[in-house]
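Data block for work_37.txt (compact mmCIF, C-alpha atoms):
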# COMPACT_ATOMS: atom_id res chain seq x y z
CA MET A 1 -5.82 -14.50 21.51
CA SER A 2 -7.52 -12.22 18.97
CA ALA A 3 -10.67 -14.39 18.84
CA MET A 4 -11.16 -13.88 22.55
CA LEU A 5 -10.65 -10.13 22.56
CA SER A 6 -13.24 -7.48 21.93
CA ASN A 7 -12.64 -5.28 18.91
CA GLU A 8 -11.71 -2.40 21.23
CA GLN A 9 -9.21 -4.51 23.20
CA GLN A 10 -7.61 -5.79 20.01
CA ALA A 11 -7.37 -2.28 18.58
CA PHE A 12 -5.65 -1.01 21.75
CA LEU A 13 -3.12 -3.86 21.74
CA ASP A 14 -2.43 -3.40 18.03
CA HIS A 15 -1.79 0.31 18.55
CA ALA A 16 0.47 -0.34 21.57
CA THR A 17 2.39 -3.08 19.74
CA THR A 18 3.05 -0.76 16.82
CA SER A 19 4.06 2.07 19.15
CA PHE A 20 6.65 -0.03 20.99
CA ALA A 21 8.11 -1.72 17.91
CA VAL A 22 11.64 -0.66 16.94
CA SER A 23 12.87 -1.38 13.43
CA ASP A 24 16.34 -2.69 12.59
CA GLU A 25 16.99 0.56 10.75
CA SER A 26 16.18 2.56 13.88
CA LEU A 27 18.46 0.35 15.96
CA ASN A 28 21.35 0.83 13.55
CA THR A 29 20.80 4.58 13.80
CA ILE A 30 20.83 4.32 17.61
CA VAL A 31 24.20 2.52 17.51
CA THR A 32 25.67 5.19 15.23
CA ARG A 33 24.34 8.11 17.25
CA ALA A 34 25.33 6.64 20.61
CA HIS A 35 28.83 5.91 19.31
CA ALA A 36 29.18 9.52 18.11
CA GLU A 37 27.86 10.86 21.41
CA LEU A 38 30.46 8.87 23.35
CA PHE A 39 33.19 10.58 21.33
CA ARG A 40 31.52 13.98 21.74
CA GLY A 41 31.34 13.56 25.51
CA LEU A 42 35.09 12.98 25.65
CA SER A 43 35.70 16.14 23.66
CA THR A 44 33.53 18.67 25.46
CA SER A 45 31.75 19.25 28.73
CA GLN A 46 29.02 21.21 26.93
CA GLY A 47 26.68 20.22 24.14
CA SER A 48 26.87 16.50 24.87
CA GLU A 49 24.20 14.35 26.49
CA LEU A 50 26.84 12.18 28.12
CA LEU A 51 28.91 13.17 31.14
CA MET A 52 31.86 10.92 30.17
CA LYS A 53 33.55 11.58 33.49
CA PRO A 54 37.08 10.22 34.05
CA THR A 55 37.08 8.72 37.51
CA PHE A 56 40.89 8.82 37.91
CA ILE A 57 40.58 5.37 39.41
CA ARG A 58 42.81 3.23 37.26
CA PRO A 59 41.41 -0.25 36.69
CA PRO A 60 43.88 -2.06 38.92
CA THR A 61 46.81 -3.87 37.42
CA ALA A 62 48.36 -4.45 40.84
CA ARG A 63 46.78 -6.31 43.70
CA PRO A 64 45.57 -4.28 46.69
CA SER A 65 47.88 -4.64 49.64
CA SER A 66 45.86 -3.70 52.71
CA VAL A 67 42.56 -4.17 54.49
CA SER A 68 39.88 -1.85 53.16
CA LEU A 69 36.12 -1.33 53.21
CA GLY A 70 33.57 -1.03 50.44
CA MET A 71 30.26 0.75 51.01
CA SER A 72 27.26 0.67 48.67
CA ILE A 73 24.54 3.30 49.09
CA SER A 74 21.28 2.62 47.27
CA ALA A 75 19.65 5.29 45.11
CA SER A 76 17.08 5.91 47.84
CA GLY A 77 19.79 6.22 50.50
CA SER A 78 17.85 3.85 52.75
CA ARG A 79 19.90 0.69 52.17
CA ILE A 80 23.61 0.38 52.79
CA ARG A 81 25.86 -2.61 52.26
CA ILE A 82 29.39 -2.81 53.64
CA THR A 83 32.12 -5.34 52.95
CA SER A 84 35.74 -5.68 53.95
CA ILE A 85 38.59 -7.19 51.97
CA SER A 86 42.01 -8.37 52.93
CA VAL A 87 44.77 -10.10 50.97
CA ASP A 88 46.21 -13.57 51.07
CA SER A 89 49.87 -14.53 50.77
CA ASN A 90 49.67 -14.08 46.98
CA SER A 91 48.31 -10.53 47.35
CA THR A 92 44.91 -11.70 46.07
CA PRO A 93 41.98 -9.72 47.53
CA LEU A 94 39.52 -11.74 49.56
CA ARG A 95 36.14 -10.75 50.89
CA THR A 96 36.05 -11.40 54.60
CA HIS A 97 32.67 -10.10 55.74
CA THR A 98 29.58 -8.39 54.30
CA GLN A 99 26.63 -6.85 56.10
CA VAL A 100 23.41 -5.16 54.94
CA PHE A 101 21.75 -2.27 56.81
CA THR A 102 18.30 -0.76 56.23
CA MET A 103 17.28 2.67 57.49
CA GLN A 104 14.15 2.44 59.61
CA SER A 105 13.59 6.17 60.15
CA THR A 106 12.52 8.43 57.27
CA THR A 107 14.01 11.48 59.01
CA GLN A 108 17.50 10.19 59.74
CA ASN A 109 20.36 11.85 57.87
CA VAL A 110 21.77 9.37 55.35
CA PHE A 111 25.37 10.26 56.25
CA ASP A 112 24.86 9.74 59.97
CA PHE A 113 23.09 6.49 59.11
CA ALA A 114 26.14 5.46 57.08
CA ALA A 115 28.42 6.32 60.00
CA ASN A 116 26.33 4.21 62.36
CA CYS A 117 26.53 1.33 59.90
CA VAL A 118 30.32 1.58 59.75
CA ARG A 119 30.55 1.67 63.54
CA GLU A 120 28.50 -1.50 63.84
CA PHE A 121 30.46 -3.18 61.06
CA VAL A 122 33.99 -2.26 62.18
CA GLN A 123 33.39 -2.20 65.94
CA HIS A 124 37.06 -1.48 66.70
CA THR A 125 40.23 -0.72 64.75
CA ASP A 126 43.55 0.75 65.76
CA SER A 127 44.52 1.95 62.27
CA SER A 128 42.63 4.18 59.87
CA LEU A 129 40.69 2.14 57.33
CA PRO A 130 40.10 3.36 53.76
CA VAL A 131 36.54 3.06 52.45
CA GLY A 132 35.50 3.19 48.80
CA VAL A 133 31.90 4.22 48.21
CA THR A 134 29.69 3.13 45.34
CA ILE A 135 26.29 4.70 44.77
CA GLY A 136 23.20 3.55 42.92
CA VAL A 137 22.88 6.46 40.48
CA PRO A 138 25.42 8.21 38.24
CA CYS A 139 27.59 10.67 40.15
CA GLY A 140 26.68 13.52 37.81
CA VAL A 141 22.92 13.29 38.17
CA LEU A 142 22.09 12.68 41.82
CA THR A 143 18.68 14.24 42.40
CA GLU A 144 16.17 14.74 45.16
CA TYR A 145 14.92 11.17 44.87
CA ALA A 146 18.34 10.08 46.13
CA ARG A 147 17.63 11.56 49.58
CA GLY A 148 19.65 14.72 49.10
CA LEU A 149 22.86 13.13 47.85
CA HIS A 150 24.97 15.35 45.59
CA ALA A 151 28.05 14.04 43.82
CA CYS A 152 30.26 17.00 44.69
CA ASP A 153 29.96 16.53 48.43
CA VAL A 154 29.12 12.87 49.11
CA GLY A 155 32.71 12.14 50.15
CA ARG A 156 33.01 15.34 52.21
CA LYS A 157 29.74 14.75 54.06
CA LEU A 158 30.59 11.13 54.75
CA CYS A 159 33.99 12.14 56.12
CA ALA A 160 32.34 14.76 58.33
CA ALA A 161 29.88 12.17 59.64
CA PHE A 162 32.72 9.75 60.38
CA VAL A 163 34.55 12.47 62.33
CA ARG A 164 31.39 13.41 64.27
CA ASN A 165 30.98 9.79 65.23
CA HIS A 166 34.68 9.35 66.13
CA LEU A 167 35.31 6.68 63.49
CA ASN A 168 38.83 5.92 62.33
CA VAL A 169 37.94 5.54 58.62
CA HIS A 170 38.43 7.81 55.62
CA VAL A 171 36.73 7.98 52.21
CA THR A 172 39.07 7.43 49.25
CA SER A 173 36.59 7.35 46.34
CA VAL A 174 32.93 7.83 45.39
CA THR A 175 31.88 6.12 42.17
CA HIS A 176 28.82 4.77 40.41
CA GLY A 177 28.19 1.04 40.59
CA ALA A 178 29.20 0.59 36.95
CA VAL A 179 32.72 1.88 37.69
CA SER A 180 32.97 -0.34 40.77
CA ALA A 181 31.76 -3.33 38.74
CA LEU A 182 34.43 -2.60 36.13
CA VAL A 183 37.18 -2.42 38.75
CA ALA A 184 36.01 -5.65 40.39
CA SER A 185 35.92 -7.52 37.10
CA ARG A 186 39.41 -6.36 36.09
CA ILE A 187 40.91 -7.82 39.24
CA GLN A 188 40.17 -11.26 37.78
CA LYS A 189 39.90 -10.74 34.02
CA ALA A 190 40.68 -8.13 31.37
CA THR A 191 37.21 -6.62 31.09
CA GLN A 192 36.81 -3.35 29.19
CA VAL A 193 33.11 -2.52 29.74
CA ALA A 194 30.70 -2.83 32.67
CA ALA A 195 27.03 -1.87 32.59
CA VAL A 196 24.55 -1.84 35.46
CA PHE A 197 20.79 -2.02 34.91
CA ASP A 198 19.11 -1.26 38.23
CA GLY A 199 16.46 1.36 38.96
CA GLY A 200 18.69 3.59 36.86
CA VAL A 201 21.19 2.63 34.17
CA ASN A 202 24.85 3.38 33.60
CA ALA A 203 27.95 2.01 31.91
CA ALA A 204 31.69 2.45 32.41
CA TYR A 205 34.61 1.47 30.24
CA VAL A 206 38.40 1.66 30.15
CA GLU A 207 39.91 4.56 28.21
CA GLN A 208 43.34 6.07 27.66
CA LEU A 209 43.57 9.42 29.39
CA GLY A 210 44.91 10.99 26.22
CA GLN A 211 41.58 10.31 24.50
CA VAL A 212 39.75 12.56 26.95
CA CYS A 213 40.21 15.68 24.83
CA LYS A 214 38.32 17.96 27.21
CA LEU A 215 41.16 17.54 29.72
CA ARG A 216 44.68 18.86 29.47
CA VAL A 217 47.08 16.04 30.21
CA SER A 218 50.82 15.70 29.97
CA GLU A 219 52.54 13.54 27.39
CA GLU A 220 53.64 11.21 30.18
CA THR A 221 50.10 10.47 31.30
CA LYS A 222 48.33 10.19 27.91
CA SER A 223 48.69 6.41 27.85
CA SER A 224 47.41 6.01 31.42
CA LEU A 225 44.18 4.06 31.74
CA VAL A 226 41.15 5.49 33.52
CA ALA A 227 37.60 4.29 34.00
CA ILE A 228 35.06 6.50 32.19
CA ASP A 229 31.68 6.99 33.86
CA THR A 230 29.60 7.48 30.70
CA ASP A 231 26.27 8.49 32.30
CA ILE A 232 24.72 6.53 29.43
CA GLY A 233 21.26 6.78 30.99
CA ASN A 234 21.05 10.35 29.72
CA PHE A 235 21.45 9.33 26.09
CA GLY A 236 18.74 9.47 23.47
CA SER A 237 16.71 12.67 23.58
CA ARG A 238 17.11 13.11 19.82
CA VAL A 239 17.09 9.53 18.56
CA LEU A 240 15.40 6.99 20.86
CA PRO A 241 11.81 6.01 20.00
CA VAL A 242 9.34 7.22 22.64
CA THR A 243 5.60 6.67 22.90
CA MET A 244 2.86 8.72 24.49
CA TRP A 245 3.18 6.53 27.58
CA ASP A 246 6.92 7.21 27.81
CA ARG A 247 6.32 10.94 27.54
CA ARG A 248 3.75 10.79 30.31
CA VAL A 249 6.07 8.87 32.63
CA ASP A 250 8.87 11.33 31.90
CA ARG A 251 6.67 14.37 32.45
CA GLU A 252 5.46 13.10 35.83
CA SER A 253 8.85 11.84 37.04
CA LYS A 254 11.16 13.58 39.49
CA CYS A 255 14.01 13.52 36.97
CA VAL A 256 12.77 14.78 33.61
CA GLY A 257 14.83 13.67 30.61
CA ARG A 258 17.29 10.75 30.73
CA VAL A 259 15.45 9.02 27.89
CA PHE A 260 17.50 5.82 27.67
CA GLU A 261 17.15 5.28 31.40
CA LYS A 262 13.38 5.79 31.17
CA LEU A 263 13.07 3.11 28.49
CA VAL A 264 15.19 0.40 30.14
CA GLY A 265 15.58 1.25 33.85
CA GLY A 266 13.90 -0.81 36.51
CA HIS A 267 12.47 2.27 38.16
CA TYR A 268 10.43 3.08 35.05
CA MET A 269 9.54 -0.01 33.00
CA GLY A 270 6.87 -1.13 35.44
CA GLU A 271 5.43 2.38 35.48
CA ILE A 272 5.16 2.34 31.68
CA VAL A 273 3.17 -0.91 31.90
CA ARG A 274 1.00 0.54 34.67
CA ASN A 275 0.16 3.53 32.46
CA LEU A 276 -0.84 1.17 29.66
CA ILE A 277 -3.06 -0.74 32.08
CA ILE A 278 -4.67 2.43 33.41
CA ASP A 279 -5.42 3.62 29.89
CA MET A 280 -7.22 0.34 29.27
CA VAL A 281 -9.04 0.69 32.59
CA ASP A 282 -10.17 4.22 31.68
CA ARG A 283 -11.48 2.90 28.36
CA ARG A 284 -13.30 0.14 30.28
CA LEU A 285 -11.25 -2.52 28.55
CA LEU A 286 -9.85 -4.03 31.78
CA PHE A 287 -11.14 -4.66 35.32
CA THR A 288 -14.60 -3.23 34.70
CA THR A 289 -16.00 -4.74 37.91
CA CYS A 290 -12.91 -4.39 40.13
CA ASN A 291 -11.65 -1.78 42.56
CA VAL A 292 -8.64 -0.29 40.76
CA GLN A 293 -7.57 2.14 43.47
CA GLU A 294 -4.33 0.30 44.31
CA ILE A 295 -3.13 -0.12 40.73
CA SER A 296 -3.88 3.59 40.16
CA VAL A 297 -1.08 4.58 42.56
CA PRO A 298 2.01 5.72 40.58
CA TYR A 299 4.93 3.27 40.61
CA SER A 300 2.86 0.59 42.34
CA PHE A 301 3.46 -1.90 39.52
CA HIS A 302 7.11 -2.83 39.93
CA SER A 303 9.37 -3.90 37.09
CA ALA A 304 10.25 -7.00 39.12
CA TYR A 305 6.74 -8.33 38.43
CA MET A 306 7.30 -8.35 34.67
CA GLY A 307 9.76 -11.24 34.38
CA PRO A 308 7.60 -13.77 36.26
CA ILE A 309 4.49 -12.56 34.38
CA ILE A 310 6.15 -13.06 31.00
CA GLU A 311 7.37 -16.53 31.97
CA ASP A 312 4.17 -17.79 33.60
CA LEU A 313 0.63 -16.64 32.80
CA GLU A 314 -0.54 -17.73 36.25
CA ALA A 315 1.81 -15.17 37.81
CA VAL A 316 -0.44 -12.36 36.53
CA ASP A 317 -3.37 -13.38 38.70
CA ALA A 318 -1.07 -14.11 41.65
CA VAL A 319 0.57 -10.66 41.48
CA PHE A 320 -2.65 -8.72 40.96
CA ALA A 321 -4.51 -10.57 43.69
CA ALA A 322 -1.73 -10.16 46.25
CA GLU A 323 -0.61 -6.61 45.41
CA PHE A 324 -3.76 -4.90 44.11
CA GLY A 325 -6.71 -6.99 45.33
CA ILE A 326 -7.77 -7.67 41.73
CA GLN A 327 -8.94 -11.02 40.40
CA CYS A 328 -7.95 -11.22 36.74
CA SER A 329 -9.93 -13.10 34.15
CA PRO A 330 -7.95 -15.39 31.81
CA ILE A 331 -8.15 -12.86 28.97
CA GLU A 332 -7.07 -10.03 31.29
CA CYS A 333 -4.05 -12.12 32.32
CA ARG A 334 -3.08 -12.57 28.67
CA ILE A 335 -3.52 -8.88 27.90
CA ILE A 336 -1.31 -7.85 30.80
CA ARG A 337 1.35 -10.35 29.81
CA SER A 338 1.27 -8.91 26.28
CA LEU A 339 1.76 -5.39 27.65
CA CYS A 340 4.73 -6.53 29.75
CA SER A 341 6.24 -8.39 26.81
CA MET A 342 6.13 -5.44 24.42
CA VAL A 343 7.76 -3.10 26.95
CA VAL A 344 10.50 -5.62 27.79
CA GLU A 345 11.15 -6.48 24.14
CA ARG A 346 11.64 -2.84 23.24
CA ALA A 347 13.86 -2.29 26.28
CA ALA A 348 16.06 -5.27 25.37
CA ARG A 349 16.47 -4.16 21.75
CA VAL A 350 17.29 -0.56 22.65
CA ALA A 351 19.63 -1.64 25.48
CA GLY A 352 21.45 -4.02 23.15
CA ALA A 353 21.95 -1.30 20.54
CA VAL A 354 23.32 1.22 23.05
CA LEU A 355 25.60 -1.39 24.62
CA ALA A 356 26.92 -2.24 21.16
CA ALA A 357 27.95 1.41 20.77
CA VAL A 358 29.85 1.32 24.08
CA VAL A 359 31.53 -1.96 23.10
CA LEU A 360 32.61 -0.46 19.78
CA LYS A 361 33.98 2.65 21.48
CA ALA A 362 35.94 0.60 24.00
CA LYS A 363 37.04 -1.98 21.39
CA ALA A 364 35.94 -4.48 24.02
CA ASP A 365 36.01 -8.24 23.81
CA LYS A 366 34.65 -8.73 27.33
CA VAL A 367 31.64 -7.04 28.94
CA VAL A 368 30.23 -7.33 32.46
CA LEU A 369 26.47 -6.92 32.92
CA SER A 370 24.67 -6.74 36.25
CA GLY A 371 21.62 -5.27 37.95
CA THR A 372 18.21 -6.01 39.37
CA VAL A 373 16.54 -5.60 35.97
CA PHE A 374 18.37 -8.65 34.63
CA ASP A 375 18.10 -10.54 37.92
CA ALA A 376 14.30 -10.26 37.79
CA ASN A 377 14.01 -10.83 34.05
CA PRO A 378 16.50 -13.36 32.64
CA ARG A 379 14.73 -13.28 29.27
CA MET A 380 15.50 -9.58 28.93
CA LEU A 381 19.15 -10.32 29.67
CA ASP A 382 19.27 -12.95 26.93
CA GLU A 383 17.53 -10.68 24.41
CA THR A 384 19.76 -7.72 25.29
CA VAL A 385 22.93 -9.76 24.76
CA ARG A 386 21.61 -11.21 21.51
CA GLU A 387 20.71 -7.73 20.23
CA MET A 388 24.10 -6.33 21.24
CA GLN A 389 25.94 -9.11 19.43
CA SER A 390 23.82 -8.64 16.30
CA ARG A 391 24.75 -4.93 16.10
CA LEU A 392 28.50 -5.54 16.18
CA PRO A 393 30.51 -5.82 12.95
CA ASN A 394 30.39 -9.16 11.15
CA GLY A 395 32.47 -11.74 12.92
CA ALA A 396 32.97 -9.68 16.09
CA LYS A 397 32.03 -11.51 19.25
CA THR A 398 32.11 -10.10 22.74
CA GLU A 399 32.19 -12.32 25.80
CA VAL A 400 29.47 -11.38 28.28
CA VAL A 401 29.87 -12.05 32.00
CA VAL A 402 26.93 -11.66 34.38
CA GLN A 403 28.03 -10.19 37.68
CA SER A 404 26.32 -10.22 41.06
CA PRO A 405 25.57 -6.98 42.97
CA SER A 406 28.14 -7.98 45.58
CA ASP A 407 30.87 -7.58 42.98
CA GLU A 408 30.17 -3.83 42.76
CA LEU A 409 30.68 -3.66 46.50
CA PHE A 410 33.89 -5.65 46.14
CA GLY A 411 35.03 -3.17 43.47
CA ALA A 412 34.44 -0.26 45.82
CA ALA A 413 36.66 -1.91 48.42
CA VAL A 414 39.34 -2.55 45.79
CA ASN A 415 39.12 1.14 44.86
CA ALA A 416 39.88 2.02 48.47
CA ALA A 417 42.85 -0.32 48.64
CA CYS A 418 44.41 0.70 45.32
CA ILE A 419 44.29 4.48 45.64

Mind turning this structure into structure tokens?
Amino acid sequence: MSAMLSNEQQAFLDHATTSFAVSDESLNTIVTRAHAELFRGLSTSQGSELLMKPTFIRPPTARPSSVSLGMSISASGSRIRITSISVDSNSTPLRTHTQVFTMQSTTQNVFDFAANCVREFVQHTDSSLPVGVTIGVPCGVLTEYARGLHACDVGRKLCAAFVRNHLNVHVTSVTHGAVSALVASRIQKATQVAAVFDGGVNAAYVEQLGQVCKLRVSEETKSSLVAIDTDIGNFGSRVLPVTMWDRRVDRESKCVGRVFEKLVGGHYMGEIVRNLIIDMVDRRLLFTTCNVQEISVPYSFHSAYMGPIIEDLEAVDAVFAAEFGIQCSPIECRIIRSLCSMVVERAARVAGAVLAAVVLKAKADKVVLSGTVFDANPRMLDETVREMQSRLPNGAKTEVVVQSPSDELFGAAVNAACI
């Protein structure tokens, strides 16, 4: 490619490649620091980057024994999925029906929207149905971009909306998707860690309650198992490698900080690439004869474009023509693919290192991974798993299971049935 690039284009790519490279030494440091932070978060509620919140939802060892509902609320609050589960003669939970709802009005209250969805889904019931709720961002960091949701009152506001709408359902739990994914996986297999890579990022793992030193627990309950919501997306302010483009994205985001999430989350990776592209545009190194108004809009280049672009060079021109009205030259296609590749490669290496720390903390031999980031970019999934395995002690191997988004919803319904 270098023979086809101008000196200025090559210099920009060389600088970007160097900026996004992460050394093995740095990755080992990330594993060590993340591992220590996981312990620190269990010990104190202050001075730690990680929430490490016990959910008090025990990963189920008994089968649920009643009909229950699971509700998934997206980070934007505009998309809700609902499922119901029942049990067969062996007390095995079975999904019976799932439905997806999309909010059409931008002014509708998300809780009333959720109540309307439940009414349409349930239609009629004589007995009160439990509903477990799973949300698309960590419970401790719901912000304004999540349409006004706040962890402390999601359950209360949903219950109030159900009462206003005369619905015979009650909320039993509100958890992040990672916790719900963990619960769902443990119904079928002894999984110790679940991580979700969507617009945001989080991980949950199984812990003995007695290890949560920031809580006072009785001797009788110290051996009880709980699911820990790590809030891992907030890790890394003092150790993760950031570039000038990362700092710009962070500074202009609605949720400043959360460094790990900014490097690997689906909401941000595409925006990092877009900033790289715009810098090249401003230097007149790309699209010198094109209208770049559409690509100049923040968050217009979605992370979902990156997987197809990395896999197929022709996808670059297809995406830019359809989404931004830009016809890319062959060299521009190759430059953009290079920018996507360097951002994804760094994300996979950093994600693998942080996941290795969680696996080590949980002493896990099975891990569940899920999320739209991996769905749209299978190569990133493979590289993340490979990096995670390479950071574990010699000889240690962890089985990785890829889970579908519907399993998080299933986990939420299991939560409702088991509490």

Within 12 Å of Thr102 of chain A, counting only C-alpha atoms, which residues qualify if same-chain residues fewer than 5 places away don't, as a ChimeraX atom specification?
-> /A:72-74,76-82,108,110,113-114,116-117

Between A:Arg40, A:His176, A:Arg379, A:Arg391, single out the one closest to Leu355 of chain A, counting only C-alpha atoms.
->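 For Leu355 of chain A, the nearest of the given residues is A:Arg391.
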
Hey, can you check how far atom CA of Thr32 of chain A sits from atom CA of Ser390 of chain A?
->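 According to the coordinates, atom CA of Thr32 of chain A and atom CA of Ser390 of chain A are separated by 14.0 Å.
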
Using only C-alpha atoms, find the one residue out of A:Met280, A:Asp14, A:Pro54, A:Asp250 that sits nearest to Gln211 of chain A.
-> A:Pro54

Quick one: which segment 309-400 of chain A residues come within 6 Å of segment 188-200 of chain A, and what is the nearest atom pair for each with the distance in Å to one decimal, counting only C-alpha atoms, rows ordered by chain and ascending number, as CSV?
residue,atom,partner,partner_atom,distance
A:Ala364,CA,A:Gln192,CA,5.4
A:Lys366,CA,A:Thr191,CA,5.0
A:Val367,CA,A:Val193,CA,4.8
A:Val368,CA,A:Ala194,CA,4.5
A:Leu369,CA,A:Ala195,CA,5.1
A:Ser370,CA,A:Val196,CA,5.0
A:Gly371,CA,A:Phe197,CA,4.5
A:Thr372,CA,A:Asp198,CA,5.0
A:Val373,CA,A:Asp198,CA,5.5

Can you write out as CSV which residues of segment 296-367 of chain A fall within 10 Å of segment 3-10 of chain A, alongside each residue's closest atom pair and its distance in Å to one decimal, counting all atoms listed in the file and ordering rows by chain and ascending residue number?
residue,atom,partner,partner_atom,distance
A:Pro330,CA,A:Met4,CA,9.9
A:Ile331,CA,A:Met4,CA,7.2
A:Glu332,CA,A:Leu5,CA,9.4
A:Ile335,CA,A:Gln9,CA,8.6

Pick out the closest residue to Ser338 of chain A from this set: A:Ala322, A:Val239, A:Val273, A:Leu129. Count all atoms listed in the file.
-> A:Val273

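Atom CA of Glu261 of chain A to atom CA of Arg337 of chain A spans 22.3 Å [interatomic distance, one decimal].
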
Among the residues A:Val169, A:Ala318, A:Leu182, A:Val292, the one that comes closest to Gln123 of chain A [using only C-alpha atoms] = A:Val169

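Nearest-residue note for Glu252 of chain A: choosing from A:Gln208, A:Gly233, A:His97, A:Pro298, the minimum distance belongs to A:Pro298, counting only C-alpha atoms.
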
Residues at most 12 Å from Gly307 of chain A, counting only C-alpha atoms, excluding those fewer than 6 positions away in the same chain, as a list in words?
-> Gly266, Met269, Gly270, Leu313, Ala315, Val316, Val319, Arg337, Ser338, Leu339, Cys340, Ser341, Val343, Val344, Glu345, Thr372, Val373, Phe374, Asp375, Ala376, Asn377, Pro378, Arg379, Met380 and Leu381 of chain A

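For the choices A:Asp282, A:Asp317, A:Glu271, A:Glu49, the atom-to-atom distance to His302 of chain A is smallest for A:Glu271 when using all atoms listed in the file.
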
Near-Val171 of chain A list (12 Å; all atoms listed in the file; drop same-chain fewer than 3 positions) as a PyMOL selection string | chain A and resi 68-71+114-115+118+128-134+153-163+167-168+174-175+412-413+415-417+419

Contacts of Ser300 of chain A at 8 Å (all atoms listed in the file; same-chain gap of 5+ positions) as a PyMOL selection string = chain A and resi 271+274+294-295

Between atom CA of Ser23 of chain A and atom CA of Ile277 of chain A, distance in Å (one decimal) |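 A separation of 24.5 Å between them.
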
Write out as a PyMOL selection string which residues come within 8 Å of Cys213 of chain A when counting all atoms listed in the file, dropping same-chain ones fewer than 6 positions away.
-> chain A and resi 42-44

Reconstruct N, CA, C and O atoms of segment 349-361 of chain A; output as a PDB file, in the coordinates of the input.
ATOM      1  N   ARG A 349      15.909  -4.532  23.054  1.00  0.00           N
ATOM      2  CA  ARG A 349      16.470  -4.160  21.750  1.00  0.00           C
ATOM      3  C   ARG A 349      17.226  -2.825  21.834  1.00  0.00           C
ATOM      4  O   ARG A 349      18.331  -2.693  21.304  1.00  0.00           O
ATOM      5  N   VAL A 350      16.632  -1.853  22.507  1.00  0.00           N
ATOM      6  CA  VAL A 350      17.290  -0.560  22.650  1.00  0.00           C
ATOM      7  C   VAL A 350      18.552  -0.686  23.508  1.00  0.00           C
ATOM      8  O   VAL A 350      19.610  -0.125  23.181  1.00  0.00           O
ATOM      9  N   ALA A 351      18.461  -1.448  24.610  1.00  0.00           N
ATOM     10  CA  ALA A 351      19.630  -1.640  25.480  1.00  0.00           C
ATOM     11  C   ALA A 351      20.763  -2.316  24.725  1.00  0.00           C
ATOM     12  O   ALA A 351      21.931  -1.940  24.854  1.00  0.00           O
ATOM     13  N   GLY A 352      20.421  -3.335  23.919  1.00  0.00           N
ATOM     14  CA  GLY A 352      21.450  -4.020  23.150  1.00  0.00           C
ATOM     15  C   GLY A 352      22.142  -3.107  22.161  1.00  0.00           C
ATOM     16  O   GLY A 352      23.369  -3.168  21.982  1.00  0.00           O
ATOM     17  N   ALA A 353      21.365  -2.227  21.512  1.00  0.00           N
ATOM     18  CA  ALA A 353      21.950  -1.300  20.540  1.00  0.00           C
ATOM     19  C   ALA A 353      22.887  -0.310  21.211  1.00  0.00           C
ATOM     20  O   ALA A 353      23.992  -0.033  20.717  1.00  0.00           O
ATOM     21  N   VAL A 354      22.478   0.245  22.347  1.00  0.00           N
ATOM     22  CA  VAL A 354      23.320   1.220  23.050  1.00  0.00           C
ATOM     23  C   VAL A 354      24.580   0.539  23.601  1.00  0.00           C
ATOM     24  O   VAL A 354      25.681   1.097  23.533  1.00  0.00           O
ATOM     25  N   LEU A 355      24.422  -0.664  24.134  1.00  0.00           N
ATOM     26  CA  LEU A 355      25.600  -1.390  24.620  1.00  0.00           C
ATOM     27  C   LEU A 355      26.567  -1.691  23.481  1.00  0.00           C
ATOM     28  O   LEU A 355      27.793  -1.634  23.667  1.00  0.00           O
ATOM     29  N   ALA A 356      26.050  -1.991  22.304  1.00  0.00           N
ATOM     30  CA  ALA A 356      26.920  -2.240  21.160  1.00  0.00           C
ATOM     31  C   ALA A 356      27.777  -1.012  20.860  1.00  0.00           C
ATOM     32  O   ALA A 356      28.968  -1.129  20.525  1.00  0.00           O
ATOM     33  N   ALA A 357      27.186   0.182  20.999  1.00  0.00           N
ATOM     34  CA  ALA A 357      27.950   1.410  20.770  1.00  0.00           C
ATOM     35  C   ALA A 357      29.079   1.556  21.782  1.00  0.00           C
ATOM     36  O   ALA A 357      30.201   1.957  21.426  1.00  0.00           O
ATOM     37  N   VAL A 358      28.808   1.227  23.046  1.00  0.00           N
ATOM     38  CA  VAL A 358      29.850   1.320  24.080  1.00  0.00           C
ATOM     39  C   VAL A 358      30.949   0.298  23.809  1.00  0.00           C
ATOM     40  O   VAL A 358      32.145   0.591  23.949  1.00  0.00           O
ATOM     41  N   VAL A 359      30.547  -0.918  23.420  1.00  0.00           N
ATOM     42  CA  VAL A 359      31.530  -1.960  23.100  1.00  0.00           C
ATOM     43  C   VAL A 359      32.421  -1.524  21.949  1.00  0.00           C
ATOM     44  O   VAL A 359      33.646  -1.704  21.980  1.00  0.00           O
ATOM     45  N   LEU A 360      31.830  -0.937  20.925  1.00  0.00           N
ATOM     46  CA  LEU A 360      32.610  -0.460  19.780  1.00  0.00           C
ATOM     47  C   LEU A 360      33.575   0.648  20.188  1.00  0.00           C
ATOM     48  O   LEU A 360      34.727   0.683  19.745  1.00  0.00           O
ATOM     49  N   LYS A 361      33.114   1.561  21.036  1.00  0.00           N
ATOM     50  CA  LYS A 361      33.980   2.650  21.480  1.00  0.00           C
ATOM     51  C   LYS A 361      35.159   2.117  22.280  1.00  0.00           C
ATOM     52  O   LYS A 361      36.302   2.585  22.144  1.00  0.00           O
TER      53      LYS A 361
END
